[in-house]
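The file entry_36.cif contains mmCIF, C-alpha atoms and all ligand atoms:
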data_model
loop_
_atom_site.label_atom_id
_atom_site.label_comp_id
_atom_site.auth_asym_id
_atom_site.auth_seq_id
_atom_site.Cartn_x
_atom_site.Cartn_y
_atom_site.Cartn_z
CA MET A 1 0.00 0.00 0.00
CA THR A 2 1.38 3.40 -0.89
CA PRO A 3 1.78 5.94 1.93
CA LEU A 4 -0.80 8.13 0.22
CA LEU A 5 -3.34 5.34 0.16
CA ALA A 6 -2.58 4.39 3.74
CA ALA A 7 -3.23 7.97 4.78
CA ALA A 8 -6.52 7.99 2.90
CA VAL A 9 -7.72 4.82 4.55
CA LEU A 10 -6.84 6.24 7.93
CA LEU A 11 -8.79 9.36 7.05
CA VAL A 12 -11.86 7.29 6.31
CA ALA A 13 -11.31 5.26 9.43
CA ALA A 14 -11.15 8.27 11.71
CA PRO A 15 -14.85 9.02 12.43
CA SER A 16 -16.36 7.13 15.32
CA VAL A 17 -19.07 5.85 13.01
CA TRP A 18 -16.33 3.72 11.47
CA ALA A 19 -16.38 1.65 14.61
CA GLN A 20 -19.67 0.20 13.40
CA ALA A 21 -18.15 -0.87 10.11
CA PRO A 22 -17.42 -4.52 9.55
CA ALA A 23 -14.19 -6.09 10.64
CA ALA A 24 -11.17 -6.08 8.37
CA PRO A 25 -11.66 -8.00 5.12
CA SER A 26 -10.82 -11.68 5.19
CA PRO A 27 -7.37 -12.59 3.87
CA ALA A 28 -8.98 -13.86 0.67
CA ILE A 29 -9.92 -10.33 -0.34
CA PRO A 30 -7.08 -8.30 -1.86
CA LYS A 31 -5.93 -5.30 0.14
CA PRO A 32 -7.28 -1.86 -0.72
CA GLY A 33 -5.15 -0.32 -3.42
CA THR A 34 -4.41 -3.64 -5.09
CA VAL A 35 -4.74 -3.41 -8.86
CA LEU A 36 -6.43 -6.40 -10.46
CA ARG A 37 -6.56 -7.30 -14.12
CA ASP A 38 -8.46 -10.44 -15.05
CA CYS A 39 -7.12 -10.70 -18.60
CA PRO A 40 -4.54 -8.85 -20.71
CA THR A 41 -7.21 -6.80 -22.48
CA CYS A 42 -9.41 -6.33 -19.41
CA PRO A 43 -9.56 -3.00 -17.56
CA GLU A 44 -7.33 -2.43 -14.55
CA MET A 45 -9.43 -2.57 -11.39
CA VAL A 46 -8.50 -1.02 -8.05
CA VAL A 47 -9.68 -2.53 -4.76
CA VAL A 48 -11.41 0.03 -2.53
CA PRO A 49 -12.07 -0.60 1.15
CA PRO A 50 -15.36 -0.90 2.99
CA GLY A 51 -16.38 2.22 4.90
CA ILE A 52 -18.97 4.91 5.39
CA PHE A 53 -19.26 8.22 3.59
CA ILE A 54 -21.68 11.07 3.18
CA MET A 55 -23.15 11.18 -0.32
CA GLY A 56 -24.16 14.55 -1.73
CA SER A 57 -23.30 18.10 -0.80
CA THR A 58 -24.95 20.70 1.38
CA MET A 59 -23.30 23.34 -0.84
CA GLY A 60 -24.44 21.79 -4.09
CA GLU A 61 -27.60 21.91 -6.17
CA LYS A 62 -30.95 20.44 -5.20
CA HIS A 63 -30.29 17.12 -6.86
CA GLU A 64 -27.21 16.66 -4.64
CA LYS A 65 -29.35 16.95 -1.49
CA PRO A 66 -30.17 15.91 1.11
CA THR A 67 -26.81 14.47 2.07
CA LYS A 68 -27.06 10.81 2.90
CA PRO A 69 -24.79 8.47 4.88
CA VAL A 70 -23.90 5.42 2.84
CA ARG A 71 -22.50 2.24 4.29
CA ILE A 72 -20.19 0.15 2.13
CA THR A 73 -20.10 -3.19 3.91
CA LYS A 74 -17.54 -4.92 1.72
CA ALA A 75 -14.63 -4.09 -0.51
CA PHE A 76 -15.15 -3.91 -4.24
CA ALA A 77 -12.95 -3.09 -7.22
CA ILE A 78 -13.61 -0.22 -9.60
CA GLY A 79 -11.97 0.80 -12.86
CA LYS A 80 -8.72 2.68 -12.41
CA TYR A 81 -9.73 4.60 -15.54
CA GLU A 82 -12.78 5.15 -17.71
CA VAL A 83 -13.16 2.21 -20.14
CA THR A 84 -10.97 2.92 -23.18
CA PHE A 85 -11.46 2.32 -26.89
CA ASP A 86 -8.69 -0.30 -26.73
CA GLU A 87 -10.62 -2.19 -24.07
CA TRP A 88 -13.88 -1.82 -25.97
CA GLU A 89 -12.34 -3.14 -29.17
CA ALA A 90 -11.23 -6.31 -27.37
CA CYS A 91 -14.92 -6.90 -26.70
CA VAL A 92 -15.78 -6.25 -30.35
CA ARG A 93 -13.13 -8.72 -31.54
CA GLU A 94 -14.65 -11.43 -29.36
CA ILE A 95 -18.18 -10.63 -30.54
CA GLY A 96 -19.16 -9.48 -27.07
CA CYS A 97 -19.86 -5.95 -28.29
CA GLY A 98 -21.52 -5.01 -31.53
CA ALA A 99 -19.34 -2.31 -33.00
CA THR A 100 -16.76 0.27 -32.10
CA PRO A 101 -18.48 3.60 -31.49
CA ASN A 102 -17.61 6.79 -33.36
CA ASP A 103 -14.46 8.42 -31.97
CA HIS A 104 -15.03 11.80 -33.69
CA ASP A 105 -11.61 11.33 -35.28
CA TRP A 106 -10.00 12.20 -31.97
CA GLY A 107 -8.23 8.87 -31.89
CA LYS A 108 -9.11 5.65 -30.10
CA GLY A 109 -6.45 3.76 -28.13
CA ARG A 110 -6.30 5.04 -24.55
CA ARG A 111 -9.02 7.63 -25.01
CA PRO A 112 -12.23 6.79 -23.13
CA VAL A 113 -14.83 5.07 -25.24
CA ILE A 114 -17.65 7.51 -26.05
CA ASN A 115 -20.98 7.37 -27.87
CA VAL A 116 -22.10 4.38 -25.83
CA GLU A 117 -25.70 4.03 -24.74
CA PHE A 118 -26.50 2.82 -21.24
CA ASP A 119 -27.50 -0.65 -22.47
CA THR A 120 -24.44 -0.90 -24.70
CA ALA A 121 -22.20 -0.12 -21.73
CA LYS A 122 -23.92 -2.91 -19.83
CA GLN A 123 -23.28 -5.23 -22.76
CA TYR A 124 -19.56 -4.67 -22.20
CA THR A 125 -19.91 -5.61 -18.52
CA ARG A 126 -21.74 -8.81 -19.48
CA TRP A 127 -18.93 -9.73 -21.85
CA LEU A 128 -16.33 -9.14 -19.14
CA THR A 129 -18.34 -11.27 -16.73
CA LYS A 130 -18.62 -14.12 -19.20
CA LYS A 131 -14.98 -13.92 -20.23
CA THR A 132 -13.47 -13.77 -16.75
CA GLY A 133 -15.95 -15.64 -14.57
CA ARG A 134 -16.01 -12.59 -12.28
CA THR A 135 -18.99 -10.34 -11.77
CA TYR A 136 -18.62 -7.05 -13.60
CA ARG A 137 -21.30 -4.36 -13.74
CA LEU A 138 -21.82 -0.62 -13.79
CA PRO A 139 -21.25 1.16 -10.49
CA SER A 140 -24.15 2.45 -8.47
CA GLU A 141 -24.16 6.18 -7.84
CA ALA A 142 -23.12 5.50 -4.25
CA GLU A 143 -20.17 3.34 -5.30
CA TRP A 144 -19.13 5.91 -7.88
CA GLU A 145 -19.17 8.82 -5.43
CA TYR A 146 -17.47 6.82 -2.68
CA ALA A 147 -14.61 5.94 -5.02
CA ALA A 148 -14.46 9.45 -6.48
CA ARG A 149 -14.16 10.98 -3.01
CA ALA A 150 -11.54 8.49 -1.82
CA GLY A 151 -12.10 9.57 1.77
CA THR A 152 -12.48 13.29 1.07
CA THR A 153 -15.42 15.51 1.96
CA SER A 154 -14.41 18.44 -0.26
CA GLU A 155 -16.04 19.34 -3.56
CA PHE A 156 -13.18 17.76 -5.50
CA PRO A 157 -10.77 15.14 -4.18
CA TRP A 158 -8.01 17.77 -4.08
CA GLY A 159 -10.04 20.60 -2.48
CA ASP A 160 -13.06 22.80 -3.01
CA ALA A 161 -12.00 24.53 -6.23
CA MET A 162 -10.83 23.36 -9.63
CA GLU A 163 -7.06 23.65 -9.97
CA PRO A 164 -4.67 23.55 -12.94
CA ASN A 165 -3.61 20.13 -14.17
CA ARG A 166 -6.28 18.28 -12.21
CA ALA A 167 -8.89 17.35 -14.79
CA ASN A 168 -10.23 17.85 -18.30
CA CYS A 169 -13.10 20.34 -18.16
CA ARG A 170 -14.16 23.31 -20.26
CA GLU A 171 -12.21 25.97 -18.37
CA CYS A 172 -9.51 23.66 -17.07
CA GLY A 173 -6.91 25.10 -19.46
CA THR A 174 -5.61 21.78 -20.73
CA GLU A 175 -4.84 21.02 -24.38
CA TRP A 176 -8.13 19.07 -24.52
CA SER A 177 -10.40 21.45 -22.58
CA GLY A 178 -13.56 22.33 -24.46
CA GLU A 179 -12.20 20.41 -27.45
CA LYS A 180 -12.11 16.67 -26.86
CA THR A 181 -11.42 13.83 -24.46
CA ALA A 182 -7.97 13.30 -22.99
CA PRO A 183 -6.28 9.89 -22.93
CA VAL A 184 -7.20 8.30 -19.60
CA GLY A 185 -4.70 8.84 -16.80
CA SER A 186 -3.50 12.20 -18.13
CA PHE A 187 -4.01 13.71 -14.65
CA PRO A 188 -2.92 12.64 -11.17
CA PRO A 189 -5.05 10.01 -9.40
CA ASN A 190 -7.10 10.55 -6.27
CA ALA A 191 -5.90 9.17 -2.93
CA TRP A 192 -7.06 5.67 -3.84
CA GLY A 193 -5.16 5.59 -7.12
CA LEU A 194 -8.19 6.26 -9.34
CA HIS A 195 -8.13 8.59 -12.34
CA ASP A 196 -10.55 10.87 -14.15
CA PHE A 197 -13.64 10.55 -11.97
CA ASN A 198 -13.79 14.32 -12.13
CA GLY A 199 -14.07 15.39 -15.75
CA ASN A 200 -13.04 13.93 -19.13
CA VAL A 201 -16.29 12.04 -19.80
CA TRP A 202 -19.52 11.68 -17.86
CA GLU A 203 -19.93 8.15 -16.60
CA TRP A 204 -23.11 6.11 -16.66
CA THR A 205 -24.23 4.63 -13.36
CA GLU A 206 -26.79 1.88 -12.79
CA ASP A 207 -29.22 4.08 -10.87
CA CYS A 208 -32.58 5.14 -12.19
CA TRP A 209 -32.77 8.91 -12.15
CA ASN A 210 -34.27 10.51 -9.08
CA PRO A 211 -34.24 14.28 -8.69
CA ASP A 212 -32.63 14.20 -5.23
CA HIS A 213 -31.24 11.86 -2.57
CA GLU A 214 -34.54 11.62 -0.67
CA GLY A 215 -35.20 7.89 -0.54
CA ALA A 216 -31.65 6.90 -1.56
CA THR A 217 -30.77 3.39 -0.46
CA GLY A 218 -27.95 4.30 1.94
CA THR A 219 -26.11 1.26 0.61
CA THR A 220 -24.18 0.32 -2.50
CA GLN A 221 -27.42 -0.84 -4.10
CA PRO A 222 -28.58 1.29 -7.02
CA ARG A 223 -31.98 2.94 -7.00
CA VAL A 224 -34.30 0.82 -9.07
CA SER A 225 -37.34 3.09 -8.93
CA GLY A 226 -37.86 6.60 -10.19
CA GLU A 227 -37.47 7.84 -13.73
CA CYS A 228 -35.81 4.66 -15.00
CA HIS A 229 -35.89 5.76 -18.62
CA PHE A 230 -33.26 8.20 -17.43
CA ARG A 231 -30.05 7.06 -15.75
CA ALA A 232 -27.79 9.04 -13.48
CA MET A 233 -24.43 10.13 -14.82
CA ARG A 234 -21.53 11.44 -12.81
CA GLY A 235 -18.36 13.46 -13.14
CA GLY A 236 -18.90 16.10 -15.81
CA SER A 237 -16.84 16.18 -18.97
CA TRP A 238 -14.30 17.97 -21.17
CA TYR A 239 -17.18 20.04 -22.59
CA TYR A 240 -18.72 21.29 -19.36
CA PHE A 241 -17.61 23.74 -16.73
CA GLY A 242 -15.66 22.28 -13.86
CA ARG A 243 -18.37 22.79 -11.26
CA LEU A 244 -20.21 19.90 -12.93
CA SER A 245 -17.16 17.75 -12.27
CA ARG A 246 -17.55 17.99 -8.50
CA SER A 247 -17.64 14.61 -6.78
CA SER A 248 -21.27 14.99 -5.71
CA TYR A 249 -22.68 16.50 -8.91
CA ARG A 250 -25.21 14.36 -10.73
CA PHE A 251 -27.21 14.68 -13.88
CA LYS A 252 -29.52 12.54 -15.96
CA ASN A 253 -29.62 11.37 -19.51
CA ALA A 254 -32.05 9.19 -21.42
CA ALA A 255 -30.64 5.67 -21.51
CA GLU A 256 -30.55 5.57 -25.32
CA VAL A 257 -28.49 8.75 -25.64
CA LYS A 258 -25.11 8.46 -27.28
CA SER A 259 -22.79 11.39 -26.78
CA TYR A 260 -19.19 12.42 -27.19
CA ASN A 261 -19.51 13.47 -23.56
CA ILE A 262 -20.50 10.14 -22.08
CA GLY A 263 -18.50 7.03 -21.28
CA PHE A 264 -18.37 4.76 -18.25
CA ARG A 265 -16.22 2.69 -15.93
CA VAL A 266 -16.96 -0.69 -14.41
CA VAL A 267 -17.14 -2.33 -11.00
CA ARG A 268 -15.92 -5.86 -10.29
CA GLU A 269 -17.45 -7.52 -7.29
CA LEU A 270 -15.13 -9.20 -4.80
CA PRO A 271 -15.82 -12.41 -2.87
CA CA A 301 -14.91 10.93 -15.84
#
Written as structure tokens, that's how I'd like the structure from this file.
Ligand SMILES: [Ca+2]
Amino acid sequence: MTPLLAAAVLLVAAPSVWAQAPAAPSPAIPKPGTVLRDCPTCPEMVVVPPGIFIMGSTMGEKHEKPTKPVRITKAFAIGKYEVTFDEWEACVREIGCGATPNDHDWGKGRRPVINVEFDTAKQYTRWLTKKTGRTYRLPSEAEWEYAARAGTTSEFPWGDAMEPNRANCRECGTEWSGEKTAPVGSFPPNAWGLHDFNGNVWEWTEDCWNPDHEGATGTTQPRVSGECHFRAMRGGSWYYFGRLSRSSYRFKNAAEVKSYNIGFRVVRELP
């Protein structure tokens, strides 16, 4: 475990409410921070620890409220990066995915896959599951925000304001800002070693859209009622202003929408 990660885990562990959290994971579960890759063309997955966090923001917009404690009872692994075109094309080659989406001539490779509908993104997770024998799926909103925050309570994992060389957003001043996606991992990771939660592309989550956190599950389970034709997306994008890239910001899109703003990352369940 890197010192940075160790510090982050301690930070999460500090509140007394942590005392109610489950005991340390069994030895069979990889330590937090471990990077897993189930096949050479599969996405790198980072193990995140169990814990408790506060979802939402009292400073944010109405759909980020009310804040809600969420209990993560067991470790899970989440994509170190947004799913890339390279990773998507492995699925296409094995007939798990239908076609490679339009890349707007920005280049494929390590750029995040874009122009994927919600159901098409889920198709990729089904292929990964079948190929590896592990359970892959989209993250719930709670899992996404927990991993994005990596133990922080600030608006962004580095603080309350956007800073230079942190993310790809409209006014972020990078070579890609307001123009296109950046190759994944172009910016430093959060404290848990995860990249690009904030900015680059919006990321689909499993949750049906609900206009606020009233009635949120308080667990890692996604919300399965509400406006299910719409799904919640997180993280903002290269096209939008940085305030939409805050860890708690959420927005909706119709599930069949394809956009050069929207990609996704995956979760892998652990034993
Ligand atoms: Ca993102």
Nearby polymer residues, ligand CA 301 (chain A), at most 7 Å, only C-alpha atoms and all ligand atoms, as a short mmCIF file (atom, residue, chain, number, x, y, z; two decimals) with C-alpha atoms, in the coordinates of the input:
data_model
loop_
_atom_site.label_atom_id
_atom_site.label_comp_id
_atom_site.auth_asym_id
_atom_site.auth_seq_id
_atom_site.Cartn_x
_atom_site.Cartn_y
_atom_site.Cartn_z
CA GLU A 82 -12.78 5.15 -17.71
CA ASP A 196 -10.55 10.87 -14.15
CA PHE A 197 -13.64 10.55 -11.97
CA ASN A 198 -13.79 14.32 -12.13
CA GLY A 199 -14.07 15.39 -15.75
CA ASN A 200 -13.04 13.93 -19.13
CA VAL A 201 -16.29 12.04 -19.80
CA TRP A 202 -19.52 11.68 -17.86
CA GLU A 203 -19.93 8.15 -16.60
CA GLY A 235 -18.36 13.46 -13.14
CA GLY A 236 -18.90 16.10 -15.81
CA SER A 237 -16.84 16.18 -18.97
#
*Which residues come within 7 Å of A:Cys208, counting only C-alpha atoms, excluding same-chain residues fewer than 6 positions away, as a PyMOL selection string?*
chain A and resi 223-228+230-232
*Counting only C-alpha atoms, figure out which residue out of A:Thr73, A:Thr58, A:Thr100, A:Thr174 gets nearest to A:Glu87.*
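Among A:Thr73, A:Thr58, A:Thr100, A:Thr174, it is A:Thr100 that comes nearest to A:Glu87.
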*Could you check which of A:Asp160, A:Asp119, A:Asp38, A:Glu61 is closest to A:Ala255, using all atoms listed in the file?*
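Ranking A:Asp160, A:Asp119, A:Asp38, A:Glu61 by distance to A:Ala255, first place goes to A:Asp119.
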*When you draw a straight line from atom CA of A:Asn190 to atom CA of A:Arg149, how long is it in Å?*
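We find that atom CA of A:Asn190 and atom CA of A:Arg149 lie 7.8 Å from each other.
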*asked:* Between atom CA of A:Lys122 and atom CA of A:Thr41, what distance in Å does the model show, to one decimal?
replied: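 So the answer is 17.4 Å.
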Edge lengths and centre, in Å to one decimal, as lines of an AutoDock Vina configuration file: that's what I need for the box along x, y and z that holds all listed atoms of stretch 206-211 of chain A plus 8 Å on each side.
center_x = -30.5
center_y = 8.1
center_z = -10.7
size_x = 23.5
size_y = 28.4
size_z = 20.1
Using only C-alpha atoms, which residues sit within 10 Å of A:Ser140 once same-chain residues fewer than 5 positions away are excluded, as a CSV table (one decimal) with C-alpha atoms, in the frame of the given file?
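Result written to selection.csv:
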chain,number,residue,atom,x,y,z
A,145,GLU,CA,-19.2,8.8,-5.4
A,146,TYR,CA,-17.5,6.8,-2.7
A,204,TRP,CA,-23.1,6.1,-16.7
A,205,THR,CA,-24.2,4.6,-13.4
A,206,GLU,CA,-26.8,1.9,-12.8
A,207,ASP,CA,-29.2,4.1,-10.9
A,208,CYS,CA,-32.6,5.1,-12.2
A,219,THR,CA,-26.1,1.3,0.6
A,220,THR,CA,-24.2,0.3,-2.5
A,221,GLN,CA,-27.4,-0.8,-4.1
A,222,PRO,CA,-28.6,1.3,-7.0
A,223,ARG,CA,-32.0,2.9,-7.0
A,232,ALA,CA,-27.8,9.0,-13.5
A,233,MET,CA,-24.4,10.1,-14.8
A,266,VAL,CA,-17.0,-0.7,-14.4
A,267,VAL,CA,-17.1,-2.3,-11.0
*Using all atoms listed in the file, can you list as a PyMOL selection string the residues within 10 Å of (-19.4, -11.2, -11.0)?*
chain A and resi 125-126+128-130+132-137+267-271
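Taking atom CA of A:His213 and atom CA of A:Pro69 as the two end points, the separation is 10.4 Å.
Restricting the calculation to all atoms listed in the file, the smallest distance between A:Phe241 and any of A:Ala75, A:Ile29, A:Cys172, A:Val46 is found for A:Cys172.
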*Pick out the closest residue to A:Arg111 from this set: A:Pro157, A:Pro211, A:Gly185, A:Gly242. Count all atoms listed in the file.*
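That would be A:Gly185, the residue with the smallest distance to A:Arg111.
Between A:Thr152 and the residues A:Ile114, A:Ile54, A:Ala28, A:Met59, the shortest atom-to-atom distance, using only C-alpha atoms, involves A:Ile54.
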_Residue nearest A:Tyr240 among A:Thr120, A:Asn168, A:Asn102, A:Thr67 (counting all atoms listed in the file)_ = A:Asn168
Mind rebuilding stretch 160-171 of chain A with N, CA and C atoms and writing that out as a PDB file, in the frame of the given file?
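Here's the written file out-v3.pdb:
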ATOM      1  N   ASP A 160     -11.719  22.313  -2.659  1.00  0.00           N
ATOM      2  CA  ASP A 160     -13.060  22.800  -3.010  1.00  0.00           C
ATOM      3  C   ASP A 160     -13.128  23.540  -4.339  1.00  0.00           C
ATOM      4  N   ALA A 161     -11.989  23.804  -4.950  1.00  0.00           N
ATOM      5  CA  ALA A 161     -12.000  24.530  -6.230  1.00  0.00           C
ATOM      6  C   ALA A 161     -11.223  23.754  -7.283  1.00  0.00           C
ATOM      7  N   MET A 162     -11.602  23.945  -8.540  1.00  0.00           N
ATOM      8  CA  MET A 162     -10.830  23.360  -9.630  1.00  0.00           C
ATOM      9  C   MET A 162      -9.440  23.979  -9.630  1.00  0.00           C
ATOM     10  N   GLU A 163      -8.453  23.188  -9.940  1.00  0.00           N
ATOM     11  CA  GLU A 163      -7.060  23.650  -9.970  1.00  0.00           C
ATOM     12  C   GLU A 163      -6.431  23.237 -11.291  1.00  0.00           C
ATOM     13  N   PRO A 164      -5.357  23.930 -11.700  1.00  0.00           N
ATOM     14  CA  PRO A 164      -4.670  23.550 -12.940  1.00  0.00           C
ATOM     15  C   PRO A 164      -4.144  22.122 -12.873  1.00  0.00           C
ATOM     16  N   ASN A 165      -4.157  21.474 -14.020  1.00  0.00           N
ATOM     17  CA  ASN A 165      -3.610  20.130 -14.170  1.00  0.00           C
ATOM     18  C   ASN A 165      -4.255  19.098 -13.252  1.00  0.00           C
ATOM     19  N   ARG A 166      -5.557  19.253 -13.021  1.00  0.00           N
ATOM     20  CA  ARG A 166      -6.280  18.280 -12.210  1.00  0.00           C
ATOM     21  C   ARG A 166      -7.247  17.442 -13.036  1.00  0.00           C
ATOM     22  N   ALA A 167      -7.811  18.029 -14.077  1.00  0.00           N
ATOM     23  CA  ALA A 167      -8.890  17.350 -14.790  1.00  0.00           C
ATOM     24  C   ALA A 167      -9.084  17.997 -16.160  1.00  0.00           C
ATOM     25  N   ASN A 168      -9.861  17.315 -16.999  1.00  0.00           N
ATOM     26  CA  ASN A 168     -10.230  17.850 -18.300  1.00  0.00           C
ATOM     27  C   ASN A 168     -11.649  18.374 -18.226  1.00  0.00           C
ATOM     28  N   CYS A 169     -11.789  19.683 -18.138  1.00  0.00           N
ATOM     29  CA  CYS A 169     -13.100  20.340 -18.160  1.00  0.00           C
ATOM     30  C   CYS A 169     -12.993  21.577 -19.048  1.00  0.00           C
ATOM     31  N   ARG A 170     -14.130  22.213 -19.280  1.00  0.00           N
ATOM     32  CA  ARG A 170     -14.160  23.310 -20.260  1.00  0.00           C
ATOM     33  C   ARG A 170     -13.148  24.412 -19.949  1.00  0.00           C
ATOM     34  N   GLU A 171     -13.101  24.849 -18.694  1.00  0.00           N
ATOM     35  CA  GLU A 171     -12.210  25.970 -18.370  1.00  0.00           C
ATOM     36  C   GLU A 171     -10.948  25.487 -17.647  1.00  0.00           C
TER      37      GLU A 171
END
